[in-house]
Amino acid sequence: MLNVFDIVKLTKIDHKEVDSNQVVVTDGNGKPNAILTELLNDVVGNMRIFINMEDVYSVDDLMRALAAHTPLPQDVLEEYEKVLREPIYNINFVPKRGQVEVVIGED
């Protein structure tokens, strides 16, 4: 099963990596999860600043790279890892808003 990291790694919009404000975490009913969305946006923002995603193939790779190249404390990295490992049940593309909705809970 795919996880949030896989979607962030694989998804492109107009042939560019997704930006931090282009990914929204929702439940199975389409209700946005503001806390997880904000956390994921923070992860993606730091990835874009500090990491070359061409060299990252897994959550473990990303966590090692973030630990080595950012001043982020361990507890923040642990929260990042939790959201990145969340299993994906569905993906919804919203072209009008240029967003990808990542569904982490079943209906």
# chains A, B, ... in the order shown; residues from 1 in each chain; ligands from 1
call {"tool": "residues_around", "arguments": {"residues": "Ile13 (chain A)", "least_positions_apart": "3", "cutoff": "12 Å", "atoms": "only C-alpha atoms", "output": "PyMOL selection string"}}
result
chain A and resi 7-10+16-19+22-23+93-100
call {"tool": "write_last_selection", "arguments": {"atoms": "N, CA, C and O atoms", "output": "PDB file, in the first residue's frame"}}
result
ATOM      1  N   ILE A   7       3.299   9.425  -2.359  1.00  0.00           N
ATOM      2  CA  ILE A   7       2.524  10.395  -3.132  1.00  0.00           C
ATOM      3  C   ILE A   7       3.319  11.682  -3.323  1.00  0.00           C
ATOM      4  O   ILE A   7       3.375  12.228  -4.426  1.00  0.00           O
ATOM      5  N   VAL A   8       3.939  12.163  -2.261  1.00  0.00           N
ATOM      6  CA  VAL A   8       4.740  13.388  -2.363  1.00  0.00           C
ATOM      7  C   VAL A   8       5.908  13.170  -3.321  1.00  0.00           C
ATOM      8  O   VAL A   8       6.229  14.037  -4.130  1.00  0.00           O
ATOM      9  N   LYS A   9       6.518  12.015  -3.257  1.00  0.00           N
ATOM     10  CA  LYS A   9       7.673  11.712  -4.118  1.00  0.00           C
ATOM     11  C   LYS A   9       7.261  11.579  -5.588  1.00  0.00           C
ATOM     12  O   LYS A   9       7.950  12.072  -6.474  1.00  0.00           O
ATOM     13  N   LEU A  10       6.132  10.931  -5.855  1.00  0.00           N
ATOM     14  CA  LEU A  10       5.755  10.601  -7.224  1.00  0.00           C
ATOM     15  C   LEU A  10       4.912  11.647  -7.942  1.00  0.00           C
ATOM     16  O   LEU A  10       4.921  11.710  -9.166  1.00  0.00           O
ATOM     17  N   LYS A  16       6.220  19.630 -12.328  1.00  0.00           N
ATOM     18  CA  LYS A  16       7.022  20.141 -11.217  1.00  0.00           C
ATOM     19  C   LYS A  16       6.626  19.401  -9.954  1.00  0.00           C
ATOM     20  O   LYS A  16       5.479  18.981  -9.803  1.00  0.00           O
ATOM     21  N   GLU A  17       7.586  19.266  -9.030  1.00  0.00           N
ATOM     22  CA  GLU A  17       7.281  18.648  -7.747  1.00  0.00           C
ATOM     23  C   GLU A  17       6.168  19.447  -7.071  1.00  0.00           C
ATOM     24  O   GLU A  17       6.081  20.665  -7.227  1.00  0.00           O
ATOM     25  N   VAL A  18       5.334  18.733  -6.306  1.00  0.00           N
ATOM     26  CA  VAL A  18       4.262  19.437  -5.608  1.00  0.00           C
ATOM     27  C   VAL A  18       4.855  20.408  -4.599  1.00  0.00           C
ATOM     28  O   VAL A  18       5.877  20.139  -3.980  1.00  0.00           O
ATOM     29  N   ASP A  19       4.201  21.543  -4.482  1.00  0.00           N
ATOM     30  CA  ASP A  19       4.593  22.566  -3.526  1.00  0.00           C
ATOM     31  C   ASP A  19       3.876  22.288  -2.214  1.00  0.00           C
ATOM     32  O   ASP A  19       2.892  21.552  -2.169  1.00  0.00           O
ATOM     33  N   GLN A  22       0.080  22.613  -2.084  1.00  0.00           N
ATOM     34  CA  GLN A  22      -0.694  21.875  -3.075  1.00  0.00           C
ATOM     35  C   GLN A  22      -1.186  20.520  -2.584  1.00  0.00           C
ATOM     36  O   GLN A  22      -1.884  19.828  -3.306  1.00  0.00           O
ATOM     37  N   VAL A  23      -0.825  20.131  -1.368  1.00  0.00           N
ATOM     38  CA  VAL A  23      -1.223  18.833  -0.838  1.00  0.00           C
ATOM     39  C   VAL A  23      -2.118  19.045   0.381  1.00  0.00           C
ATOM     40  O   VAL A  23      -1.760  19.774   1.303  1.00  0.00           O
ATOM     41  N   PHE A  93      -7.411  14.471  -7.345  1.00  0.00           N
ATOM     42  CA  PHE A  93      -6.781  15.640  -7.949  1.00  0.00           C
ATOM     43  C   PHE A  93      -7.836  16.719  -8.156  1.00  0.00           C
ATOM     44  O   PHE A  93      -8.916  16.446  -8.664  1.00  0.00           O
ATOM     45  N   VAL A  94      -7.504  17.951  -7.753  1.00  0.00           N
ATOM     46  CA  VAL A  94      -8.421  19.087  -7.872  1.00  0.00           C
ATOM     47  C   VAL A  94      -7.752  20.122  -8.779  1.00  0.00           C
ATOM     48  O   VAL A  94      -7.088  21.040  -8.314  1.00  0.00           O
ATOM     49  N   PRO A  95      -7.919  19.947 -10.113  1.00  0.00           N
ATOM     50  CA  PRO A  95      -7.203  20.808 -11.056  1.00  0.00           C
ATOM     51  C   PRO A  95      -7.501  22.301 -10.908  1.00  0.00           C
ATOM     52  O   PRO A  95      -6.606  23.118 -11.086  1.00  0.00           O
ATOM     53  N   LYS A  96      -8.740  22.629 -10.600  1.00  0.00           N
ATOM     54  CA  LYS A  96      -9.095  24.056 -10.494  1.00  0.00           C
ATOM     55  C   LYS A  96      -8.301  24.756  -9.401  1.00  0.00           C
ATOM     56  O   LYS A  96      -8.025  25.941  -9.493  1.00  0.00           O
ATOM     57  N   ARG A  97      -7.950  24.013  -8.358  1.00  0.00           N
ATOM     58  CA  ARG A  97      -7.179  24.597  -7.258  1.00  0.00           C
ATOM     59  C   ARG A  97      -5.709  24.206  -7.327  1.00  0.00           C
ATOM     60  O   ARG A  97      -4.914  24.654  -6.507  1.00  0.00           O
ATOM     61  N   GLY A  98      -5.356  23.345  -8.266  1.00  0.00           N
ATOM     62  CA  GLY A  98      -3.979  22.880  -8.363  1.00  0.00           C
ATOM     63  C   GLY A  98      -3.564  22.100  -7.130  1.00  0.00           C
ATOM     64  O   GLY A  98      -2.437  22.219  -6.675  1.00  0.00           O
ATOM     65  N   GLN A  99      -4.497  21.306  -6.593  1.00  0.00           N
ATOM     66  CA  GLN A  99      -4.226  20.574  -5.364  1.00  0.00           C
ATOM     67  C   GLN A  99      -4.382  19.068  -5.544  1.00  0.00           C
ATOM     68  O   GLN A  99      -5.092  18.605  -6.427  1.00  0.00           O
ATOM     69  N   VAL A 100      -3.718  18.365  -4.649  1.00  0.00           N
ATOM     70  CA  VAL A 100      -3.841  16.920  -4.551  1.00  0.00           C
ATOM     71  C   VAL A 100      -4.381  16.631  -3.157  1.00  0.00           C
ATOM     72  O   VAL A 100      -3.776  17.038  -2.162  1.00  0.00           O
TER      73      VAL A 100
END
call {"tool": "residues_around", "arguments": {"residues": "Val43 (chain A)", "least_positions_apart": "3", "cutoff": "8 Å", "atoms": "only C-alpha atoms", "output": "number ranges by chain"}}
result
A: 20, 39-40, 46-47, 80
call {"tool": "closest_residue", "arguments": {"among": "A:Ile49, A:Val83, A:Ile104, A:Val25", "to": "Thr70 (chain A)", "atoms": "only C-alpha atoms"}}
result
A:Ile49
call {"tool": "closest_residue", "arguments": {"among": "A:Asn92, A:Val103, A:Asn21, A:Pro73", "to": "Gly45 (chain A)", "atoms": "only C-alpha atoms"}}
result
A:Asn21
call {"tool": "atom_distance", "arguments": {"atom1": "CA of Arg48 (chain A)", "atom2": "CA of Leu66 (chain A)"}}
result
10.8 Å
